[in-house]
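These notes concern the structure reproduced below.
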Amino acid sequence: MYSTFDDVPAYKATALALEQSPAFDDAVMAFASDLRGFYSNYRDAAPIFSDVGQLAIVSSLIVLPSPVAEADICRLLGAGALASRRRIGNHIVKLERLGFVHRAGAADRRRRPVAPTPKLEALLNRWVRALSGAAASLCGGDRAALERTDLARFYLQQVMASHQKGFSAFADVPAIGRLAALSRGHAFVLELLRAAVQSQSLEIRFSRREFAKLYGVSRTHVIDLLAECERARLITQSRARTLLLSPIFISDARRWAAINFALAAAALQGRLLTAL
């Protein structure tokens, strides 16, 4: 990890340095490639952690000490801040139907133990590798950490603890945060940034159909993502398959990627909370 400045948190100092690194653009391309590969190879991921709320529910199942009940998850996630009680209940039903959790016991559904299956843990391990592999390379970290059999637990425990402290990775880039809160919003931002890096231009090619197919969302949802960007004046749809990105989008997306790299590298080293 890079050294820090005295007046900023460690992760911000690291992110500032990373964004100026000659290897930064290559890391963005690798990050996008890893995420594309994950969603292409593991279609089961699409319906189970498509947005921040679903991810929080799934992470709770991994992070909370066993036995975990639906009521425990509701308490952890708060009064609808990350996911409402109804959404938590409905999502656990979906996870059970898809074989990612099992539960049995108490007659009261909300108090039955909910246990993640090996299928869920394996999928989350692969997802964390896709999220943090480029960061490990860019920051010179120990890539052996990516092969931990408990990688998702190790990583997500730190992430959830940071949320409990009130930390937000989007504090400096709120427009990107609003997009990331939507289904596949993080992938959408990364795809646009990847295209800009690849073309070295603000004008990029973008296919709604290809994005929808790759990331398991509807074309209508992609149109909604584009509309959100237009409302925030981050993009202009100049032609049918062409977008014009604003300089503000590029600046914020690069900062967001750099922050992601810094936080991921710290989490792989088990020191996310001390970097905040």
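Following the order of the structure tokens, chains are lettered A, B, ..., residues in each are numbered from 1, and ligands are numbered from 1.
For Arg209 of chain A, the list of residues within 10 Å, based on only C-alpha atoms and with local chain neighbours fewer than 5 positions off taken out, reads Leu214, Val217, Ser218, Arg219, Thr220 and Val222 of chain A.
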- request: Could you please write out, as a PyMOL selection string, every residue of segment 29-193 of chain A that DSSP assigns to helix (DSSP H, G or I)?
  value: chain A and resi 29-41+43-45+52-63+70-77+85-97+109-111+118-138+143-147+151-164+174-180+185-193
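Shortest separation to Ala30 of chain A among A:Gly166, A:Gly99, A:Pro9, A:Gly133 occurs at residue A:Gly133, atoms counted being only C-alpha atoms.
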message: Based on the backbone DSSP call, show me all residues of segment 79-194 of chain A assigned strand (DSSP E or B), as number ranges by chain.
response: A: 101-103, 113-116
Residues just named, written with all heavy atoms as a compact mmCIF listing (two decimals), in the first residue's frame:
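Output file out.txt follows:
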```txt
# COMPACT_ATOMS: atom_id res chain seq x y z
N VAL A 101 -29.39 -21.07 0.54
CA VAL A 101 -29.52 -21.18 1.99
C VAL A 101 -30.47 -22.33 2.29
O VAL A 101 -31.23 -22.77 1.43
CB VAL A 101 -30.07 -19.89 2.65
CG1 VAL A 101 -29.20 -18.69 2.33
CG2 VAL A 101 -31.52 -19.62 2.24
N HIS A 102 -30.41 -22.81 3.52
CA HIS A 102 -31.44 -23.74 3.99
C HIS A 102 -31.83 -23.32 5.41
O HIS A 102 -31.04 -22.74 6.14
CB HIS A 102 -30.97 -25.20 3.95
CG HIS A 102 -29.79 -25.49 4.82
ND1 HIS A 102 -29.89 -25.69 6.17
CD2 HIS A 102 -28.47 -25.61 4.52
CE1 HIS A 102 -28.69 -25.94 6.68
NE2 HIS A 102 -27.81 -25.89 5.71
N ARG A 103 -33.07 -23.60 5.78
CA ARG A 103 -33.53 -23.27 7.12
C ARG A 103 -34.53 -24.32 7.58
O ARG A 103 -35.25 -24.92 6.79
CB ARG A 103 -34.12 -21.87 7.18
CG ARG A 103 -35.28 -21.62 6.25
CD ARG A 103 -35.75 -20.18 6.39
NE ARG A 103 -36.71 -19.82 5.36
CZ ARG A 103 -37.25 -18.61 5.25
NH1 ARG A 103 -36.93 -17.67 6.11
NH2 ARG A 103 -38.10 -18.35 4.30
N PRO A 113 -33.41 -20.78 12.03
CA PRO A 113 -32.02 -20.59 11.60
C PRO A 113 -31.91 -20.64 10.07
O PRO A 113 -32.51 -21.49 9.43
CB PRO A 113 -31.29 -21.77 12.25
CG PRO A 113 -32.16 -22.18 13.40
CD PRO A 113 -33.56 -21.92 12.94
N VAL A 114 -31.19 -19.67 9.51
CA VAL A 114 -30.95 -19.61 8.07
C VAL A 114 -29.46 -19.81 7.85
O VAL A 114 -28.65 -18.99 8.32
CB VAL A 114 -31.38 -18.26 7.47
CG1 VAL A 114 -31.21 -18.25 5.96
CG2 VAL A 114 -32.82 -17.93 7.85
N ALA A 115 -29.08 -20.88 7.19
CA ALA A 115 -27.66 -21.21 7.01
C ALA A 115 -27.26 -21.12 5.55
O ALA A 115 -27.96 -21.65 4.68
CB ALA A 115 -27.37 -22.61 7.54
N PRO A 116 -26.16 -20.42 5.25
CA PRO A 116 -25.68 -20.39 3.86
C PRO A 116 -25.18 -21.78 3.46
O PRO A 116 -24.58 -22.49 4.26
CB PRO A 116 -24.53 -19.38 3.90
CG PRO A 116 -24.06 -19.41 5.32
CD PRO A 116 -25.28 -19.67 6.15
```
- prompt: Asn90 of chain A: which residues within 12 Å, counting only C-alpha atoms, same-chain residues fewer than 5 positions away excluded, as a count of residues only?
  reply: 12
query: How many Å lie between atom CA of Arg111 of chain A and atom CA of Gly89 of chain A, rounded to one decimal?
result: 11.2 Å
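The closest residue to Gln158 of chain A, picked from A:Arg43, A:Val63, A:Phe49, A:Ala27 and counting only C-alpha atoms, is A:Val63.
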message: With only C-alpha atoms as the counted atoms, please give the residues lying no more than 12 Å from Ala81 of chain A, apart from itself and same-chain residues fewer than 5 positions off, as a list in words.
response: Val52, Gly53, Ala56, Ile57, Cys74, Arg75, Leu76, Arg87, Ile88, His163, Gln164, Gly166 and Ala181 of chain A
Go ahead and save the picked residues with C-alpha atoms, as a PDB file, in the first residue's frame.
```
ATOM      1  CA  VAL A  52     -26.679  -2.859  -2.405  1.00  0.00           C
ATOM      2  CA  GLY A  53     -29.723  -4.116  -0.476  1.00  0.00           C
ATOM      3  CA  ALA A  56     -26.289  -6.578   2.423  1.00  0.00           C
ATOM      4  CA  ILE A  57     -28.737  -9.441   2.999  1.00  0.00           C
ATOM      5  CA  CYS A  74     -33.455  -7.247  10.119  1.00  0.00           C
ATOM      6  CA  ARG A  75     -31.799  -5.922  13.279  1.00  0.00           C
ATOM      7  CA  LEU A  76     -28.382  -5.699  11.612  1.00  0.00           C
ATOM      8  CA  ARG A  87     -37.458  -7.303   1.258  1.00  0.00           C
ATOM      9  CA  ILE A  88     -35.264  -9.346   3.593  1.00  0.00           C
ATOM     10  CA  HIS A 163     -21.026   0.179   7.285  1.00  0.00           C
ATOM     11  CA  GLN A 164     -21.893  -0.214  10.959  1.00  0.00           C
ATOM     12  CA  GLY A 166     -21.329   4.792   9.130  1.00  0.00           C
ATOM     13  CA  ALA A 181     -27.361   1.642  -5.463  1.00  0.00           C
TER      14      ALA A 181
END
```
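Counting from atom CA of Leu179 of chain A, the distance to atom CA of Val8 of chain A is 25.7 Å.
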